[in-house]
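**Student:** My questions will all concern the structure given below.
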Amino acid sequence: MPSDAERSTQHAFTSGGAARVLAGACRRAGLDSDGARLIRLGENALFRLAAHPVVVRIARSREYLDAVRGEVRVSRWLSRTGFPVTRVVDDLEQPVVVDGHPVTFWHVIEEGPRKPTYGELGAVLRDLHSLTVPDTLALPPYPALGRTDRRIATAAGIPEDDRAFLRKRAGELRERVAGLRFESRKCAVHGDALRAPRMGHGGHRHRASWPGAAGAGTARRLRPVYIPGPARPGRACPPCEPCRGAA
């Protein structure tokens with residue numbers, strides 16, 4: 001279990017600290033961080049650079065380094081297949097680690113005036129599910145509840161009996177999830193396929209979250225880059241809710 005000091009370190013991920021990491025990462029990458037705008041601070045910090053069409057993503061701690069490396073590999077794979085995905089900046093080292101924080105650099109996607117529909121989201125996910133994941137990508141199975149224990153352990157300001165209850169409940173749910181069986185083949189899935197973080201731009205539909213990656217039937221989970229794309233009908237995949245809406 002993390003100590004109080006470790007919990008404090010986790011929660012010291014502030015906008016000011018993230019800005020210092022941003023400045024160091026941009027210096028290493030040869031980019032100008034002056035005027036950068038913080039667009040999100042949560043599990044990660046996201047900054048939009050003023051001098052370049054680039055979004056800088058800063059992970060909370062070094063513990064996320066393997067996941068961040070996977071996100072970069074997934075983005076490059078999807079780009080090679082022609083899937084409309086948010087791309088890492090290819091001519092930069094990815095990721096870099098600054099003061100214990102993995103940092104990656106992504107091309108900006110400008111948001112259009114219209115929010116995509118559930119059906120359009122389903123069409124993009126259907127295309128994603130139809131892709132054959134290369135063995136060289138070595139994606140893990142979808143990690144349901146994968147970060148739950150860490151979040152419970154590092155949560156600040158809750159009674160220890162509540163922490164114990166949450167830990168016990170998470171264990172029970174993990175056992176139930178492990179017993180699930182799927183008839184569908186293994187495929188790539190998005191780990192954060194919500195309607196809220198989508199954007200419309202130039203006739204395309206974009207996922208505004210970042211890829212990790214795992215495999216429904218088991219599932220290979222894709223989250224951190226933006227997962228964008230035009231609606232393309234006729235692709236078969238397991239009948240998830242968004243896909244049914246796209247039919």
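Chain labels run A, B, ... following the order of the structure tokens; each chain numbers its residues from 1, and ligands are numbered from 1 in the order shown.
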Within 12 Å of Pro95 in chain A, counting only C-alpha atoms, which residues qualify if same-chain residues fewer than 3 places away don't, as a PDB file with N, CA and C atoms, in the first residue's frame?

**Tutor:**
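Once written, part-v6.pdb looks like this:
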ATOM      1  N   ALA A  25      10.274  19.192 -21.490  1.00  0.00           N
ATOM      2  CA  ALA A  25      10.069  18.280 -22.615  1.00  0.00           C
ATOM      3  C   ALA A  25      10.202  19.018 -23.946  1.00  0.00           C
ATOM      4  N   CYS A  26       9.651  20.219 -24.017  1.00  0.00           N
ATOM      5  CA  CYS A  26       9.731  20.978 -25.261  1.00  0.00           C
ATOM      6  C   CYS A  26      11.166  21.395 -25.575  1.00  0.00           C
ATOM      7  N   ARG A  28      13.804  19.657 -24.880  1.00  0.00           N
ATOM      8  CA  ARG A  28      14.445  18.454 -25.421  1.00  0.00           C
ATOM      9  C   ARG A  28      13.999  18.175 -26.847  1.00  0.00           C
ATOM     10  N   ALA A  29      12.746  18.510 -27.151  1.00  0.00           N
ATOM     11  CA  ALA A  29      12.206  18.222 -28.482  1.00  0.00           C
ATOM     12  C   ALA A  29      12.473  19.337 -29.485  1.00  0.00           C
ATOM     13  N   VAL A  56       0.706  18.392 -26.324  1.00  0.00           N
ATOM     14  CA  VAL A  56       1.665  17.665 -25.499  1.00  0.00           C
ATOM     15  C   VAL A  56       0.895  16.974 -24.376  1.00  0.00           C
ATOM     16  N   ARG A  57       1.117  15.689 -24.232  1.00  0.00           N
ATOM     17  CA  ARG A  57       0.411  14.889 -23.224  1.00  0.00           C
ATOM     18  C   ARG A  57       1.416  14.430 -22.174  1.00  0.00           C
ATOM     19  N   ILE A  58       1.138  14.741 -20.918  1.00  0.00           N
ATOM     20  CA  ILE A  58       2.043  14.440 -19.814  1.00  0.00           C
ATOM     21  C   ILE A  58       1.352  13.456 -18.872  1.00  0.00           C
ATOM     22  N   ALA A  59       1.938  12.286 -18.696  1.00  0.00           N
ATOM     23  CA  ALA A  59       1.354  11.280 -17.804  1.00  0.00           C
ATOM     24  C   ALA A  59       1.685  11.610 -16.357  1.00  0.00           C
ATOM     25  N   ARG A  62       5.865   7.872 -13.700  1.00  0.00           N
ATOM     26  CA  ARG A  62       6.625   6.899 -14.480  1.00  0.00           C
ATOM     27  C   ARG A  62       5.926   5.546 -14.552  1.00  0.00           C
ATOM     28  N   TYR A  64       3.240   4.879 -15.637  1.00  0.00           N
ATOM     29  CA  TYR A  64       2.472   4.805 -16.874  1.00  0.00           C
ATOM     30  C   TYR A  64       3.352   4.659 -18.108  1.00  0.00           C
ATOM     31  N   LEU A  65       4.658   4.524 -17.937  1.00  0.00           N
ATOM     32  CA  LEU A  65       5.568   4.559 -19.081  1.00  0.00           C
ATOM     33  C   LEU A  65       5.284   3.439 -20.080  1.00  0.00           C
ATOM     34  N   ASP A  66       5.085   2.207 -19.611  1.00  0.00           N
ATOM     35  CA  ASP A  66       4.815   1.111 -20.544  1.00  0.00           C
ATOM     36  C   ASP A  66       3.531   1.360 -21.327  1.00  0.00           C
ATOM     37  N   ALA A  67       2.494   1.864 -20.637  1.00  0.00           N
ATOM     38  CA  ALA A  67       1.230   2.150 -21.322  1.00  0.00           C
ATOM     39  C   ALA A  67       1.414   3.245 -22.367  1.00  0.00           C
ATOM     40  N   VAL A  68       2.191   4.254 -22.033  1.00  0.00           N
ATOM     41  CA  VAL A  68       2.428   5.357 -22.974  1.00  0.00           C
ATOM     42  C   VAL A  68       3.189   4.854 -24.201  1.00  0.00           C
ATOM     43  N   ARG A  69       4.187   4.004 -23.986  1.00  0.00           N
ATOM     44  CA  ARG A  69       4.900   3.430 -25.134  1.00  0.00           C
ATOM     45  C   ARG A  69       3.941   2.655 -26.029  1.00  0.00           C
ATOM     46  N   GLY A  70       3.023   1.914 -25.407  1.00  0.00           N
ATOM     47  CA  GLY A  70       2.026   1.185 -26.193  1.00  0.00           C
ATOM     48  C   GLY A  70       1.135   2.105 -26.995  1.00  0.00           C
ATOM     49  N   GLU A  71       0.771   3.236 -26.415  1.00  0.00           N
ATOM     50  CA  GLU A  71      -0.080   4.190 -27.123  1.00  0.00           C
ATOM     51  C   GLU A  71       0.611   4.731 -28.367  1.00  0.00           C
ATOM     52  N   VAL A  72       1.889   4.988 -28.259  1.00  0.00           N
ATOM     53  CA  VAL A  72       2.647   5.473 -29.415  1.00  0.00           C
ATOM     54  C   VAL A  72       2.686   4.396 -30.505  1.00  0.00           C
ATOM     55  N   ARG A  73       2.939   3.147 -30.102  1.00  0.00           N
ATOM     56  CA  ARG A  73       2.975   2.053 -31.096  1.00  0.00           C
ATOM     57  C   ARG A  73       1.625   1.891 -31.773  1.00  0.00           C
ATOM     58  N   VAL A  88       0.951  10.678 -33.595  1.00  0.00           N
ATOM     59  CA  VAL A  88       2.086  11.238 -32.873  1.00  0.00           C
ATOM     60  C   VAL A  88       2.961  11.997 -33.860  1.00  0.00           C
ATOM     61  N   VAL A  89       3.726  12.933 -33.355  1.00  0.00           N
ATOM     62  CA  VAL A  89       4.671  13.670 -34.201  1.00  0.00           C
ATOM     63  C   VAL A  89       5.860  12.750 -34.457  1.00  0.00           C
ATOM     64  N   ASP A  90       5.965  12.260 -35.697  1.00  0.00           N
ATOM     65  CA  ASP A  90       6.884  11.164 -35.990  1.00  0.00           C
ATOM     66  C   ASP A  90       8.352  11.529 -35.919  1.00  0.00           C
ATOM     67  N   ASP A  91       8.704  12.783 -36.156  1.00  0.00           N
ATOM     68  CA  ASP A  91      10.122  13.120 -36.191  1.00  0.00           C
ATOM     69  C   ASP A  91      10.664  13.516 -34.821  1.00  0.00           C
ATOM     70  N   LEU A  92       9.917  13.188 -33.758  1.00  0.00           N
ATOM     71  CA  LEU A  92      10.374  13.437 -32.395  1.00  0.00           C
ATOM     72  C   LEU A  92      10.520  12.119 -31.650  1.00  0.00           C
ATOM     73  N   VAL A  98      10.483  13.268 -18.355  1.00  0.00           N
ATOM     74  CA  VAL A  98      10.978  14.490 -17.731  1.00  0.00           C
ATOM     75  C   VAL A  98      10.502  14.517 -16.281  1.00  0.00           C
ATOM     76  N   GLY A 100      10.325  12.299 -14.140  1.00  0.00           N
ATOM     77  CA  GLY A 100       9.501  11.151 -13.798  1.00  0.00           C
ATOM     78  C   GLY A 100       8.171  11.081 -14.511  1.00  0.00           C
ATOM     79  N   HIS A 101       7.934  11.959 -15.480  1.00  0.00           N
ATOM     80  CA  HIS A 101       6.659  11.984 -16.204  1.00  0.00           C
ATOM     81  C   HIS A 101       6.878  11.624 -17.669  1.00  0.00           C
ATOM     82  N   PRO A 102       6.261  10.555 -18.176  1.00  0.00           N
ATOM     83  CA  PRO A 102       6.331  10.268 -19.610  1.00  0.00           C
ATOM     84  C   PRO A 102       5.570  11.338 -20.396  1.00  0.00           C
ATOM     85  N   VAL A 103       6.186  11.815 -21.470  1.00  0.00           N
ATOM     86  CA  VAL A 103       5.612  12.902 -22.265  1.00  0.00           C
ATOM     87  C   VAL A 103       5.577  12.485 -23.728  1.00  0.00           C
ATOM     88  N   THR A 104       4.449  12.757 -24.382  1.00  0.00           N
ATOM     89  CA  THR A 104       4.315  12.473 -25.812  1.00  0.00           C
ATOM     90  C   THR A 104       3.778  13.707 -26.532  1.00  0.00           C
ATOM     91  N   PHE A 105       3.994  13.731 -27.869  1.00  0.00           N
ATOM     92  CA  PHE A 105       3.642  14.886 -28.696  1.00  0.00           C
ATOM     93  C   PHE A 105       2.723  14.408 -29.823  1.00  0.00           C
ATOM     94  N   TRP A 106       1.593  15.104 -29.995  1.00  0.00           N
ATOM     95  CA  TRP A 106       0.553  14.671 -30.928  1.00  0.00           C
ATOM     96  C   TRP A 106       0.154  15.820 -31.850  1.00  0.00           C
TER      97      TRP A 106
END

**Student:** Find the residues around range 133-137 of chain A up to 8 Å (only C-alpha atoms counted), leave out those fewer than 4 positions away in its own chain, and share them as a ChimeraX atom specification.

**Tutor:** /A:73-74,187-188

**Student:** Report the residues of range 4-209 of chain A whose backbone DSSP state falls under strand (DSSP E or B), written as JSON, numbers by chain.

**Tutor:** {"A": [37, 38, 39, 40, 41, 44, 45, 46, 47, 48, 54, 55, 56, 57, 58, 59, 88, 96, 97, 98, 101, 102, 103, 104, 105, 106, 107, 188, 189, 190, 198, 199, 200, 201, 204, 205, 206, 207]}

**Student:** What would the file look like if the residues just selected were written as an mmCIF file, in the first residue's frame with N, CA and C atoms?

**Tutor:**
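As written to disk, again.cif reads:
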data_model
loop_
_atom_site.group_PDB
_atom_site.id
_atom_site.type_symbol
_atom_site.label_atom_id
_atom_site.label_comp_id
_atom_site.auth_asym_id
_atom_site.auth_seq_id
_atom_site.Cartn_x
_atom_site.Cartn_y
_atom_site.Cartn_z
ATOM 1 N N ARG A 37 -1.251 26.410 -23.775
ATOM 2 C CA ARG A 37 -2.508 26.490 -23.024
ATOM 3 C C ARG A 37 -2.858 25.119 -22.453
ATOM 4 N N LEU A 38 -3.111 25.058 -21.149
ATOM 5 C CA LEU A 38 -3.545 23.813 -20.518
ATOM 6 C C LEU A 38 -4.992 23.550 -20.910
ATOM 7 N N ILE A 39 -5.243 22.414 -21.563
ATOM 8 C CA ILE A 39 -6.607 22.102 -21.986
ATOM 9 C C ILE A 39 -7.240 21.003 -21.150
ATOM 10 N N ARG A 40 -6.434 20.281 -20.366
ATOM 11 C CA ARG A 40 -7.012 19.299 -19.438
ATOM 12 C C ARG A 40 -5.977 18.912 -18.407
ATOM 13 N N LEU A 41 -6.433 18.737 -17.166
ATOM 14 C CA LEU A 41 -5.577 18.212 -16.108
ATOM 15 C C LEU A 41 -6.372 17.175 -15.347
ATOM 16 N N ASN A 44 -4.031 12.687 -17.044
ATOM 17 C CA ASN A 44 -2.891 13.271 -17.751
ATOM 18 C C ASN A 44 -3.082 14.781 -17.835
ATOM 19 N N ALA A 45 -2.005 15.485 -18.133
ATOM 20 C CA ALA A 45 -2.097 16.908 -18.445
ATOM 21 C C ALA A 45 -1.932 17.072 -19.946
ATOM 22 N N LEU A 46 -2.817 17.839 -20.575
ATOM 23 C CA LEU A 46 -2.754 18.103 -22.007
ATOM 24 C C LEU A 46 -2.545 19.593 -22.232
ATOM 25 N N PHE A 47 -1.536 19.905 -23.017
ATOM 26 C CA PHE A 47 -1.238 21.295 -23.356
ATOM 27 C C PHE A 47 -1.292 21.462 -24.868
ATOM 28 N N ARG A 48 -1.926 22.531 -25.316
ATOM 29 C CA ARG A 48 -1.902 22.918 -26.725
ATOM 30 C C ARG A 48 -0.814 23.977 -26.892
ATOM 31 N N VAL A 54 0.576 21.306 -32.170
ATOM 32 C CA VAL A 54 0.940 20.115 -31.403
ATOM 33 C C VAL A 54 0.251 20.154 -30.044
ATOM 34 N N VAL A 55 -0.231 18.990 -29.610
ATOM 35 C CA VAL A 55 -0.713 18.794 -28.241
ATOM 36 C C VAL A 55 0.319 17.948 -27.507
ATOM 37 N N VAL A 56 0.706 18.392 -26.324
ATOM 38 C CA VAL A 56 1.665 17.665 -25.499
ATOM 39 C C VAL A 56 0.895 16.974 -24.376
ATOM 40 N N ARG A 57 1.117 15.689 -24.232
ATOM 41 C CA ARG A 57 0.411 14.889 -23.224
ATOM 42 C C ARG A 57 1.416 14.430 -22.174
ATOM 43 N N ILE A 58 1.138 14.741 -20.918
ATOM 44 C CA ILE A 58 2.043 14.440 -19.814
ATOM 45 C C ILE A 58 1.352 13.456 -18.872
ATOM 46 N N ALA A 59 1.938 12.286 -18.696
ATOM 47 C CA ALA A 59 1.354 11.280 -17.804
ATOM 48 C C ALA A 59 1.685 11.610 -16.357
ATOM 49 N N VAL A 88 0.951 10.678 -33.595
ATOM 50 C CA VAL A 88 2.086 11.238 -32.873
ATOM 51 C C VAL A 88 2.961 11.997 -33.860
ATOM 52 N N VAL A 96 9.328 10.857 -24.183
ATOM 53 C CA VAL A 96 10.456 11.311 -23.378
ATOM 54 C C VAL A 96 9.994 11.303 -21.922
ATOM 55 N N VAL A 97 10.933 11.165 -21.005
ATOM 56 C CA VAL A 97 10.595 11.183 -19.579
ATOM 57 C C VAL A 97 11.277 12.399 -18.956
ATOM 58 N N VAL A 98 10.483 13.268 -18.355
ATOM 59 C CA VAL A 98 10.978 14.490 -17.731
ATOM 60 C C VAL A 98 10.502 14.517 -16.281
ATOM 61 N N HIS A 101 7.934 11.959 -15.480
ATOM 62 C CA HIS A 101 6.659 11.984 -16.204
ATOM 63 C C HIS A 101 6.878 11.624 -17.669
ATOM 64 N N PRO A 102 6.261 10.555 -18.176
ATOM 65 C CA PRO A 102 6.331 10.268 -19.610
ATOM 66 C C PRO A 102 5.570 11.338 -20.396
ATOM 67 N N VAL A 103 6.186 11.815 -21.470
ATOM 68 C CA VAL A 103 5.612 12.902 -22.265
ATOM 69 C C VAL A 103 5.577 12.485 -23.728
ATOM 70 N N THR A 104 4.449 12.757 -24.382
ATOM 71 C CA THR A 104 4.315 12.473 -25.812
ATOM 72 C C THR A 104 3.778 13.707 -26.532
ATOM 73 N N PHE A 105 3.994 13.731 -27.869
ATOM 74 C CA PHE A 105 3.642 14.886 -28.696
ATOM 75 C C PHE A 105 2.723 14.408 -29.823
ATOM 76 N N TRP A 106 1.593 15.104 -29.995
ATOM 77 C CA TRP A 106 0.553 14.671 -30.928
ATOM 78 C C TRP A 106 0.154 15.820 -31.850
ATOM 79 N N HIS A 107 -0.198 15.470 -33.085
ATOM 80 C CA HIS A 107 -0.723 16.466 -34.013
ATOM 81 C C HIS A 107 -2.106 16.933 -33.537
ATOM 82 N N ALA A 188 -9.305 -5.243 -31.926
ATOM 83 C CA ALA A 188 -8.964 -3.996 -31.250
ATOM 84 C C ALA A 188 -10.243 -3.326 -30.767
ATOM 85 N N VAL A 189 -10.238 -2.829 -29.555
ATOM 86 C CA VAL A 189 -11.370 -2.060 -29.033
ATOM 87 C C VAL A 189 -10.849 -0.777 -28.410
ATOM 88 N N HIS A 190 -11.718 0.224 -28.371
ATOM 89 C CA HIS A 190 -11.356 1.494 -27.753
ATOM 90 C C HIS A 190 -11.758 1.426 -26.286
ATOM 91 N N ARG A 198 -15.807 13.079 -28.343
ATOM 92 C CA ARG A 198 -15.658 13.019 -29.793
ATOM 93 C C ARG A 198 -15.716 14.404 -30.401
ATOM 94 N N MET A 199 -15.129 14.541 -31.563
ATOM 95 C CA MET A 199 -15.150 15.817 -32.264
ATOM 96 C C MET A 199 -15.465 15.569 -33.729
ATOM 97 N N GLY A 200 -16.083 16.557 -34.364
ATOM 98 C CA GLY A 200 -16.301 16.502 -35.793
ATOM 99 C C GLY A 200 -15.400 17.509 -36.479
ATOM 100 N N HIS A 201 -14.831 17.103 -37.616
ATOM 101 C CA HIS A 201 -13.924 18.022 -38.311
ATOM 102 C C HIS A 201 -13.801 17.594 -39.760
ATOM 103 N N HIS A 204 -15.043 14.321 -41.088
ATOM 104 C CA HIS A 204 -14.556 13.143 -40.402
ATOM 105 C C HIS A 204 -15.018 13.176 -38.954
ATOM 106 N N ARG A 205 -15.013 12.020 -38.320
ATOM 107 C CA ARG A 205 -15.396 11.919 -36.921
ATOM 108 C C ARG A 205 -14.166 11.530 -36.130
ATOM 109 N N HIS A 206 -13.913 12.208 -35.031
ATOM 110 C CA HIS A 206 -12.668 12.027 -34.294
ATOM 111 C C HIS A 206 -12.928 11.589 -32.864
ATOM 112 N N ARG A 207 -12.119 10.660 -32.399
ATOM 113 C CA ARG A 207 -12.121 10.320 -30.990
ATOM 114 C C ARG A 207 -11.190 11.291 -30.278
#

**Student:** How would you write, as a ChimeraX atom specification, the set of residues in range 14-94 of chain A that DSSP gives as alpha helix (DSSP H)?

**Tutor:** /A:15-29,65-81

**Student:** Just write the chosen residues, N, CA, C and O atoms, as a tab-separated table (two decimals), in the first residue's frame.

**Tutor:**
chain	number	residue	atom	x	y	z
A	15	SER	N	-1.14	21.91	-12.07
A	15	SER	CA	-0.95	22.61	-13.34
A	15	SER	C	0.44	23.25	-13.40
A	15	SER	O	1.09	23.24	-14.46
A	16	GLY	N	0.92	23.79	-12.26
A	16	GLY	CA	2.25	24.39	-12.24
A	16	GLY	C	3.35	23.37	-12.46
A	16	GLY	O	4.29	23.61	-13.22
A	17	GLY	N	3.22	22.22	-11.79
A	17	GLY	CA	4.21	21.16	-11.98
A	17	GLY	C	4.20	20.63	-13.40
A	17	GLY	O	5.25	20.38	-14.00
A	18	ALA	N	2.99	20.46	-13.95
A	18	ALA	CA	2.88	19.99	-15.33
A	18	ALA	C	3.49	20.99	-16.31
A	18	ALA	O	4.12	20.61	-17.30
A	19	ALA	N	3.32	22.28	-16.02
A	19	ALA	CA	3.90	23.31	-16.91
A	19	ALA	C	5.42	23.25	-16.91
A	19	ALA	O	6.06	23.45	-17.94
A	20	ARG	N	6.01	22.95	-15.75
A	20	ARG	CA	7.48	22.82	-15.70
A	20	ARG	C	7.95	21.60	-16.49
A	20	ARG	O	8.97	21.66	-17.19
A	21	VAL	N	7.20	20.50	-16.39
A	21	VAL	CA	7.53	19.31	-17.20
A	21	VAL	C	7.39	19.64	-18.68
A	21	VAL	O	8.23	19.26	-19.51
A	22	LEU	N	6.33	20.36	-19.04
A	22	LEU	CA	6.12	20.76	-20.42
A	22	LEU	C	7.32	21.54	-20.96
A	22	LEU	O	7.82	21.26	-22.06
A	23	ALA	N	7.79	22.51	-20.18
A	23	ALA	CA	8.91	23.33	-20.63
A	23	ALA	C	10.15	22.48	-20.87
A	23	ALA	O	10.85	22.63	-21.88
A	24	GLY	N	10.44	21.54	-19.95
A	24	GLY	CA	11.60	20.68	-20.11
A	24	GLY	C	11.47	19.75	-21.29
A	24	GLY	O	12.44	19.54	-22.05
A	25	ALA	N	10.27	19.19	-21.49
A	25	ALA	CA	10.07	18.28	-22.62
A	25	ALA	C	10.20	19.02	-23.95
A	25	ALA	O	10.79	18.50	-24.91
A	26	CYS	N	9.65	20.22	-24.02
A	26	CYS	CA	9.73	20.98	-25.26
A	26	CYS	C	11.17	21.40	-25.58
A	26	CYS	O	11.57	21.40	-26.73
A	27	ARG	N	11.93	21.73	-24.55
A	27	ARG	CA	13.35	22.05	-24.79
A	27	ARG	C	14.06	20.86	-25.41
A	27	ARG	O	14.83	21.00	-26.37
A	28	ARG	N	13.80	19.66	-24.88
A	28	ARG	CA	14.45	18.45	-25.42
A	28	ARG	C	14.00	18.17	-26.85
A	28	ARG	O	14.75	17.64	-27.66
A	29	ALA	N	12.75	18.51	-27.15
A	29	ALA	CA	12.21	18.22	-28.48
A	29	ALA	C	12.47	19.34	-29.49
A	29	ALA	O	12.16	19.20	-30.68
A	65	LEU	N	4.66	4.52	-17.94
A	65	LEU	CA	5.57	4.56	-19.08
A	65	LEU	C	5.28	3.44	-20.08
A	65	LEU	O	5.24	3.68	-21.30
A	66	ASP	N	5.09	2.21	-19.61
A	66	ASP	CA	4.81	1.11	-20.54
A	66	ASP	C	3.53	1.36	-21.33
A	66	ASP	O	3.46	1.10	-22.54
A	67	ALA	N	2.49	1.86	-20.64
A	67	ALA	CA	1.23	2.15	-21.32
A	67	ALA	C	1.41	3.24	-22.37
A	67	ALA	O	0.88	3.17	-23.47
A	68	VAL	N	2.19	4.25	-22.03
A	68	VAL	CA	2.43	5.36	-22.97
A	68	VAL	C	3.19	4.85	-24.20
A	68	VAL	O	2.87	5.22	-25.34
A	69	ARG	N	4.19	4.00	-23.99
A	69	ARG	CA	4.90	3.43	-25.13
A	69	ARG	C	3.94	2.65	-26.03
A	69	ARG	O	4.03	2.71	-27.26
A	70	GLY	N	3.02	1.91	-25.41
A	70	GLY	CA	2.03	1.18	-26.19
A	70	GLY	C	1.13	2.11	-26.99
A	70	GLY	O	0.79	1.82	-28.14
A	71	GLU	N	0.77	3.24	-26.41
A	71	GLU	CA	-0.08	4.19	-27.12
A	71	GLU	C	0.61	4.73	-28.37
A	71	GLU	O	-0.02	4.90	-29.42
A	72	VAL	N	1.89	4.99	-28.26
A	72	VAL	CA	2.65	5.47	-29.42
A	72	VAL	C	2.69	4.40	-30.51
A	72	VAL	O	2.48	4.68	-31.69
A	73	ARG	N	2.94	3.15	-30.10
A	73	ARG	CA	2.98	2.05	-31.10
A	73	ARG	C	1.62	1.89	-31.77
A	73	ARG	O	1.56	1.67	-32.99
A	74	VAL	N	0.55	2.00	-31.01
A	74	VAL	CA	-0.79	1.84	-31.58
A	74	VAL	C	-1.09	2.96	-32.58
A	74	VAL	O	-1.62	2.72	-33.67
A	75	SER	N	-0.75	4.19	-32.22
A	75	SER	CA	-0.99	5.30	-33.14
A	75	SER	C	-0.25	5.09	-34.45
A	75	SER	O	-0.81	5.30	-35.54
A	76	ARG	N	1.00	4.66	-34.37
A	76	ARG	CA	1.77	4.46	-35.60
A	76	ARG	C	1.22	3.31	-36.43
A	76	ARG	O	1.18	3.38	-37.67
A	77	TRP	N	0.77	2.25	-35.77
A	77	TRP	CA	0.17	1.12	-36.50
A	77	TRP	C	-1.09	1.57	-37.23
A	77	TRP	O	-1.27	1.31	-38.43
A	78	LEU	N	-1.99	2.28	-36.53
A	78	LEU	CA	-3.24	2.71	-37.15
A	78	LEU	C	-2.97	3.69	-38.30
A	78	LEU	O	-3.65	3.65	-39.33
A	79	SER	N	-1.99	4.53	-38.13
A	79	SER	CA	-1.63	5.45	-39.22
A	79	SER	C	-1.18	4.68	-40.46
A	79	SER	O	-1.55	5.02	-41.59
A	80	ARG	N	-0.38	3.63	-40.24
A	80	ARG	CA	0.11	2.83	-41.38
A	80	ARG	C	-1.04	2.12	-42.10
A	80	ARG	O	-0.97	1.91	-43.31
A	81	THR	N	-2.08	1.74	-41.38
A	81	THR	CA	-3.21	1.04	-42.00
A	81	THR	C	-4.13	2.00	-42.75
A	81	THR	O	-5.03	1.55	-43.47

**Student:** Give me, please, the distance in Å between CA of Arg163 in chain A and CA of Arg150 in chain A, quoted to one decimal.

**Tutor:** 11.3 Å

**Student:** CA of Ala170 in chain A to CA of Glu63 in chain A: how many Å, to one decimal?

**Tutor:**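 CA of Glu63 in chain A lies 20.4 Å from CA of Ala170 in chain A.
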
**Student:** So what do you get for CA of Ala123 in chain A versus CA of Ala144 in chain A, distance-wise?

**Tutor:**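 Going from CA of Ala123 in chain A over to CA of Ala144 in chain A covers 23.6 Å.
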
**Student:** Would you mind listing what lies within 12 Å of Ile152 in chain A as a ChimeraX atom specification, with only C-alpha atoms counted and same-chain residues fewer than 2 positions away left out?

**Tutor:** /A:1-2,7,145-150,154-171

**Student:** I need the residue nearest Tyr142 in chain A from this list: A:Asp99, A:Pro113, A:Val177, A:Glu183. Use only C-alpha atoms for the distance.

**Tutor:**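 Among the listed residues, A:Val177 lies closest to Tyr142 in chain A.
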